[in-house]
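S.K.: The file below is protein_3.cif, mmCIF, C-alpha atoms:
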data_protein
#
loop_
_atom_site.group_PDB
_atom_site.id
_atom_site.type_symbol
_atom_site.label_atom_id
_atom_site.label_comp_id
_atom_site.auth_asym_id
_atom_site.auth_seq_id
_atom_site.Cartn_x
_atom_site.Cartn_y
_atom_site.Cartn_z
ATOM 1 C CA MET A 1 124.264 21.774 128.471
ATOM 2 C CA GLY A 2 122.808 23.041 125.243
ATOM 3 C CA ASP A 3 119.311 21.934 126.284
ATOM 4 C CA LEU A 4 119.570 23.753 129.614
ATOM 5 C CA GLN A 5 120.848 26.927 127.996
ATOM 6 C CA THR A 6 118.039 26.749 125.420
ATOM 7 C CA VAL A 7 115.480 26.510 128.237
ATOM 8 C CA ILE A 8 117.004 29.532 129.984
ATOM 9 C CA ASP A 9 116.983 31.482 126.697
ATOM 10 C CA TRP A 10 113.324 30.540 126.135
ATOM 11 C CA VAL A 11 112.268 31.503 129.668
ATOM 12 C CA ILE A 12 113.953 34.901 129.371
ATOM 13 C CA ALA A 13 112.396 35.556 125.953
ATOM 14 C CA ASN A 14 108.890 34.233 126.646
ATOM 15 C CA THR A 15 108.028 34.829 130.298
ATOM 16 C CA ASN A 16 107.975 37.645 132.805
ATOM 17 C CA GLY A 17 110.702 35.900 134.792
ATOM 18 C CA ASP A 18 113.518 38.038 136.104
ATOM 19 C CA PRO A 19 116.651 37.195 134.084
ATOM 20 C CA ASP A 20 118.774 38.343 137.039
ATOM 21 C CA ARG A 21 117.195 35.745 139.362
ATOM 22 C CA ILE A 22 117.501 32.444 137.534
ATOM 23 C CA GLY A 23 117.628 29.430 139.799
ATOM 24 C CA LEU A 24 117.849 25.738 139.050
ATOM 25 C CA SER A 25 116.832 22.801 141.177
ATOM 26 C CA GLY A 26 116.855 19.120 140.529
ATOM 27 C CA ILE A 27 116.943 15.655 141.942
ATOM 28 C CA SER A 28 119.366 13.015 140.651
ATOM 29 C CA TYR A 29 120.168 13.791 136.997
ATOM 30 C CA GLY A 30 118.535 17.196 137.381
ATOM 31 C CA ALA A 31 120.836 17.981 140.303
ATOM 32 C CA GLY A 32 123.963 17.113 138.344
ATOM 33 C CA ILE A 33 122.814 19.117 135.331
ATOM 34 C CA SER A 34 121.899 22.076 137.574
ATOM 35 C CA LEU A 35 125.422 22.158 139.016
ATOM 36 C CA LEU A 36 126.979 21.861 135.568
ATOM 37 C CA GLY A 37 124.682 24.582 134.260
ATOM 38 C CA ALA A 38 125.651 27.000 137.020
ATOM 39 C CA SER A 39 129.325 26.357 136.347
ATOM 40 C CA LYS A 40 128.942 27.139 132.650
ATOM 41 C CA ASP A 41 126.209 29.799 132.483
ATOM 42 C CA SER A 42 126.658 32.980 134.526
ATOM 43 C CA ARG A 43 122.927 33.727 134.260
ATOM 44 C CA VAL A 44 122.270 31.010 136.864
ATOM 45 C CA LYS A 45 122.282 32.647 140.302
ATOM 46 C CA SER A 46 121.306 29.731 142.539
ATOM 47 C CA VAL A 47 121.120 25.947 142.562
ATOM 48 C CA ALA A 48 119.373 23.441 144.819
ATOM 49 C CA ALA A 49 120.993 20.089 143.972
ATOM 50 C CA MET A 50 119.454 17.054 145.675
ATOM 51 C CA SER A 51 120.729 13.477 145.363
ATOM 52 C CA GLY A 52 123.006 14.419 142.505
ATOM 53 C CA TRP A 53 126.642 13.999 141.651
ATOM 54 C CA VAL A 54 129.725 16.119 141.222
ATOM 55 C CA ASP A 55 132.033 13.300 140.063
ATOM 56 C CA LEU A 56 130.363 10.603 137.973
ATOM 57 C CA ALA A 57 133.383 8.324 137.869
ATOM 58 C CA GLN A 58 133.716 8.388 141.644
ATOM 59 C CA SER A 59 130.000 7.684 141.913
ATOM 60 C CA PHE A 60 130.393 4.471 139.980
ATOM 61 C CA LEU A 61 133.895 3.392 140.900
ATOM 62 C CA GLY A 62 134.641 4.976 144.254
ATOM 63 C CA SER A 63 138.256 4.543 145.201
ATOM 64 C CA GLY A 64 138.730 1.127 143.660
ATOM 65 C CA GLU A 65 135.592 -0.232 145.317
ATOM 66 C CA THR A 66 133.372 -2.927 143.885
ATOM 67 C CA ILE A 67 131.314 -1.673 140.973
ATOM 68 C CA LYS A 68 127.655 -0.964 141.734
ATOM 69 C CA THR A 69 125.866 -3.004 139.105
ATOM 70 C CA GLU A 70 122.343 -2.345 140.401
ATOM 71 C CA ALA A 71 122.708 1.424 140.200
ATOM 72 C CA ALA A 72 124.337 1.279 136.780
ATOM 73 C CA ARG A 73 121.631 -1.105 135.478
ATOM 74 C CA LEU A 74 118.998 1.367 136.604
ATOM 75 C CA LEU A 75 120.722 4.096 134.611
ATOM 76 C CA GLN A 76 121.071 1.814 131.599
ATOM 77 C CA VAL A 77 117.369 0.915 131.682
ATOM 78 C CA ALA A 78 116.468 4.594 131.994
ATOM 79 C CA ALA A 79 118.724 5.492 129.049
ATOM 80 C CA VAL A 80 117.200 2.823 126.828
ATOM 81 C CA THR A 81 113.628 3.531 127.951
ATOM 82 C CA LEU A 82 113.767 7.326 127.763
ATOM 83 C CA GLY A 83 116.091 7.922 124.853
ATOM 84 C CA LYS A 84 118.542 6.551 122.374
ATOM 85 C CA PRO A 85 121.867 5.798 124.078
ATOM 86 C CA SER A 86 124.926 6.842 122.105
ATOM 87 C CA GLU A 87 127.600 4.376 121.082
ATOM 88 C CA THR A 88 129.860 5.978 123.697
ATOM 89 C CA LEU A 89 127.320 5.369 126.435
ATOM 90 C CA ASN A 90 126.784 1.787 125.314
ATOM 91 C CA THR A 91 130.551 1.226 125.405
ATOM 92 C CA ILE A 92 130.737 2.690 128.906
ATOM 93 C CA PHE A 93 128.024 0.319 130.114
ATOM 94 C CA GLU A 94 129.660 -2.704 128.452
ATOM 95 C CA ASP A 95 133.050 -1.886 129.942
ATOM 96 C CA TYR A 96 131.578 -1.164 133.337
ATOM 97 C CA PHE A 97 129.644 -4.417 133.605
ATOM 98 C CA SER A 98 132.634 -6.430 132.396
ATOM 99 C CA ASN A 99 134.981 -4.474 134.713
ATOM 100 C CA THR A 100 137.306 -3.612 131.820
ATOM 101 C CA ASN A 101 138.749 -0.393 130.432
ATOM 102 C CA LEU A 102 137.598 1.543 133.485
ATOM 103 C CA ASP A 103 140.127 4.311 132.821
ATOM 104 C CA TYR A 104 137.921 5.198 129.871
ATOM 105 C CA LEU A 105 135.043 5.772 132.284
ATOM 106 C CA TYR A 106 137.047 8.516 133.989
ATOM 107 C CA GLU A 107 137.753 10.168 130.634
ATOM 108 C CA ALA A 108 134.198 9.824 129.332
ATOM 109 C CA THR A 109 132.516 11.172 132.474
ATOM 110 C CA ALA A 110 134.847 14.145 132.978
ATOM 111 C CA PRO A 111 132.699 16.551 130.890
ATOM 112 C CA SER A 112 129.646 15.578 132.988
ATOM 113 C CA SER A 113 131.313 16.025 136.371
ATOM 114 C CA ALA A 114 130.917 19.411 138.067
ATOM 115 C CA ILE A 115 134.100 18.831 140.072
ATOM 116 C CA ASN A 116 135.991 19.562 136.844
ATOM 117 C CA PHE A 117 134.361 22.965 136.462
ATOM 118 C CA LEU A 118 134.918 24.503 139.895
ATOM 119 C CA ASP A 119 136.687 27.527 138.440
ATOM 120 C CA GLY A 120 133.635 28.380 136.336
ATOM 121 C CA MET A 121 131.297 27.791 139.273
ATOM 122 C CA ASN A 122 133.315 30.035 141.558
ATOM 123 C CA GLN A 123 133.701 32.700 138.875
ATOM 124 C CA ASN A 124 129.961 32.721 138.104
ATOM 125 C CA GLY A 125 129.144 33.044 141.816
ATOM 126 C CA ALA A 126 125.901 31.059 141.999
ATOM 127 C CA ALA A 127 124.649 30.223 145.491
ATOM 128 C CA ILE A 128 124.726 26.441 145.958
ATOM 129 C CA PHE A 129 122.485 24.291 148.169
ATOM 130 C CA ILE A 130 123.383 20.593 148.208
ATOM 131 C CA ALA A 131 121.342 17.848 149.885
ATOM 132 C CA GLN A 132 122.408 14.222 149.707
ATOM 133 C CA ALA A 133 121.205 10.962 151.214
ATOM 134 C CA LEU A 134 123.833 9.375 153.433
ATOM 135 C CA GLY A 135 123.047 5.913 152.075
ATOM 136 C CA ASP A 136 122.797 6.957 148.428
ATOM 137 C CA SER A 137 123.529 3.794 146.466
ATOM 138 C CA LEU A 138 123.701 5.591 143.119
ATOM 139 C CA PHE A 139 125.695 8.776 143.736
ATOM 140 C CA THR A 140 127.947 8.284 146.733
ATOM 141 C CA PRO A 141 127.877 11.083 149.309
ATOM 142 C CA ASN A 142 131.644 10.979 149.916
ATOM 143 C CA GLN A 143 132.266 12.969 146.712
ATOM 144 C CA PHE A 144 130.660 16.131 148.103
ATOM 145 C CA PRO A 145 132.809 17.375 151.004
ATOM 146 C CA SER A 146 135.902 18.166 148.905
ATOM 147 C CA TYR A 147 133.756 19.830 146.219
ATOM 148 C CA PHE A 148 131.896 21.844 148.836
ATOM 149 C CA ASP A 149 135.143 22.931 150.522
ATOM 150 C CA LYS A 150 136.456 24.296 147.215
ATOM 151 C CA LEU A 151 133.354 26.387 146.496
ATOM 152 C CA THR A 152 133.897 30.075 147.210
ATOM 153 C CA ASN A 153 130.265 31.027 146.560
ATOM 154 C CA PRO A 154 127.504 31.181 149.174
ATOM 155 C CA LYS A 155 126.907 27.517 149.971
ATOM 156 C CA HIS A 156 125.047 25.063 152.177
ATOM 157 C CA ILE A 157 125.299 21.283 152.408
ATOM 158 C CA GLU A 158 123.313 18.742 154.356
ATOM 159 C CA PHE A 159 123.065 14.987 154.543
ATOM 160 C CA ALA A 160 119.963 13.031 155.490
ATOM 161 C CA PRO A 161 119.333 9.376 156.247
ATOM 162 C CA GLY A 162 118.045 7.348 153.320
ATOM 163 C CA ASP A 163 118.845 6.198 149.818
ATOM 164 C CA HIS A 164 118.888 7.927 146.463
ATOM 165 C CA ALA A 165 116.258 10.675 146.149
ATOM 166 C CA GLY A 166 114.325 9.333 149.145
ATOM 167 C CA PRO A 167 114.732 12.244 151.566
ATOM 168 C CA GLU A 168 113.420 14.847 149.105
ATOM 169 C CA MET A 169 110.980 12.763 147.056
ATOM 170 C CA THR A 170 107.743 13.919 148.710
ATOM 171 C CA GLY A 171 108.591 17.511 147.823
ATOM 172 C CA LEU A 172 108.240 16.652 144.139
ATOM 173 C CA PHE A 173 104.569 15.994 144.764
ATOM 174 C CA GLY A 174 104.006 19.234 146.643
ATOM 175 C CA LEU A 175 103.894 17.475 149.993
ATOM 176 C CA PRO A 176 105.646 18.931 153.040
ATOM 177 C CA ASN A 177 109.344 18.159 152.917
ATOM 178 C CA GLN A 178 112.098 19.479 155.170
ATOM 179 C CA ILE A 179 114.775 19.502 152.479
ATOM 180 C CA TRP A 180 112.681 21.461 149.984
ATOM 181 C CA THR A 181 111.640 23.836 152.766
ATOM 182 C CA ARG A 182 115.252 24.447 153.807
ATOM 183 C CA ALA A 183 116.344 24.886 150.197
ATOM 184 C CA THR A 184 113.626 27.474 149.644
ATOM 185 C CA GLU A 185 114.392 29.309 152.876
ATOM 186 C CA TRP A 186 118.116 29.229 152.233
#
Could you render the structure from this file as structure tokens?

M.R.:
Amino acid sequence: MGDLQTVIDWVIANTNGDPDRIGLSGISYGAGISLLGASKDSRVKSVAAMSGWVDLAQSFLGSGETIKTEAARLLQVAAVTLGKPSETLNTIFEDYFSNTNLDYLYEATAPSSAINFLDGMNQNGAAIFIAQALGDSLFTPNQFPSYFDKLTNPKHIEFAPGDHAGPEMTGLFGLPNQIWTRATEW
């Protein structure tokens, strides 16, 4: 969260942006971080979270379902390729792939799961737009309804056919996209 707060600080100090109209949007990791940011930083007034998560442990473990090795491998490759994974993250991956010590996964992912910060989100009052692919193989869509129901802020949720990040992907390239259009209009 420190990186996100540093970016917000920099934008306020170095641009003509309106500090009373800060919005965040993201796909996948960016969606999860946007939700966490809005729950911890009252300067964030709106979020468009697409193909993200609110409960990382549920994303990977469901309710005792089979682990999703392909999705977790993708995250592991991204972590190794784009950064330097911490010892904690390496332990999580090892335990996950060997299907051991999964209780630790719940503990380790709690600080990165927006579901655990609903009080802050509701107190900060950011407007929340959530879009999720119904067939998302990385971040399961079934984690969103209970989170959405507990939000007291202005909110909108929609589900679209497809897999992770597919329904909103073209919008990243500036191409027409219904989800980005609805998020902007909302």

S.K.: Atom CA of Asp55 of chain A to atom CA of Leu36 of chain A: how many Å, to one decimal?

M.R.: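 These atoms are spaced 10.9 Å apart.
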
S.K.: Excluding same-chain residues fewer than 4 positions from segment 184-186 of chain A, what lies within 9 Å of it counting all atoms listed in the file, as a PDB file with C-alpha atoms, in the frame of the given file?

M.R.:
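Output file part.pdb is given in full below:
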ATOM      1  CA  ALA A  48     119.373  23.441 144.819  1.00  0.00           C
ATOM      2  CA  PHE A 129     122.485  24.291 148.169  1.00  0.00           C
ATOM      3  CA  HIS A 156     125.047  25.063 152.177  1.00  0.00           C
ATOM      4  CA  ILE A 179     114.775  19.502 152.479  1.00  0.00           C
ATOM      5  CA  TRP A 180     112.681  21.461 149.984  1.00  0.00           C
TER       6      TRP A 180
END

S.K.: Residues near Ala114 of chain A, anyone? I mean within 8 Å using only C-alpha atoms, not counting same-chain ones fewer than 6 positions away, as a list in words.

M.R.: Gly32, Leu35, Leu36, Ser39, Trp53, Val54 and Asp55 of chain A

S.K.: Name the residues that the PyMOL selection byres ((chain A and resi 31) around 12) pulls out of this structure, and write them as an MDAnalysis selection string.

M.R.: chainID A and resid 23:30 32:38 46:54 112:114 128:132 139 164:165 168

S.K.: Report the distance between atom CA of Lys45 of chain A and atom CA of Ala127 of chain A in Å, rounded to one decimal place.

M.R.: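 Distance between the two atoms: 6.2 Å.
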
S.K.: Can you list what the PyMOL selection byres ((chain A and resi 122) around 8) grabs from this structure, as a PyMOL selection string?

M.R.: chain A and resi 39+118-121+123-126+151-153

S.K.: May I have the selected residues written with C-alpha atoms, as a tab-separated table (two decimals), keeping the file's coordinate frame?

M.R.:
chain	number	residue	atom	x	y	z
A	39	SER	CA	129.32	26.36	136.35
A	118	LEU	CA	134.92	24.50	139.90
A	119	ASP	CA	136.69	27.53	138.44
A	120	GLY	CA	133.64	28.38	136.34
A	121	MET	CA	131.30	27.79	139.27
A	123	GLN	CA	133.70	32.70	138.88
A	124	ASN	CA	129.96	32.72	138.10
A	125	GLY	CA	129.14	33.04	141.82
A	126	ALA	CA	125.90	31.06	142.00
A	151	LEU	CA	133.35	26.39	146.50
A	152	THR	CA	133.90	30.08	147.21
A	153	ASN	CA	130.26	31.03	146.56

S.K.: Assuming the chain letters and numbering stay as they are in my file, what does the PyMOL selection byres ((chain A and resi 105) around 10) actually select? List them as a list in words.

M.R.: Leu56, Ala57, Gln58, Phe60, Leu61, Leu89, Thr91, Ile92, Phe93, Asp95, Tyr96, Thr100, Asn101, Leu102, Asp103, Tyr104, Tyr106, Glu107, Ala108, Thr109 and Ala110 of chain A

S.K.: Which value, in Å to one decimal, gives the distance between atom CA of Phe117 of chain A and atom CA of Ser59 of chain A?

M.R.: 16.8 Å

S.K.: Can you list, as an mmCIF file with C-alpha atoms, in the frame of the given file, every protein, DNA or RNA residue that comes within 12 Å of Glu70 of chain A when you count only C-alpha atoms, leaving out same-chain residues fewer than 4 positions away?

M.R.:
data_model
loop_
_atom_site.group_PDB
_atom_site.id
_atom_site.type_symbol
_atom_site.label_atom_id
_atom_site.label_comp_id
_atom_site.auth_asym_id
_atom_site.auth_seq_id
_atom_site.Cartn_x
_atom_site.Cartn_y
_atom_site.Cartn_z
ATOM 1 C CA PHE A 60 130.393 4.471 139.980
ATOM 2 C CA THR A 66 133.372 -2.927 143.885
ATOM 3 C CA LEU A 74 118.998 1.367 136.604
ATOM 4 C CA LEU A 75 120.722 4.096 134.611
ATOM 5 C CA GLN A 76 121.071 1.814 131.599
ATOM 6 C CA VAL A 77 117.369 0.915 131.682
ATOM 7 C CA TYR A 96 131.578 -1.164 133.337
ATOM 8 C CA PHE A 97 129.644 -4.417 133.605
ATOM 9 C CA SER A 137 123.529 3.794 146.466
ATOM 10 C CA LEU A 138 123.701 5.591 143.119
#

S.K.: Please provide the set of residues having any atom within 8 Å of Arg43 of chain A, restricted to all atoms listed in the file, with same-chain residues fewer than 6 positions apart removed, written as a list in words.

M.R.: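 Once the nearby chain positions are removed, what remains is Pro19, Asp20, Arg21 and Ile22 of chain A.
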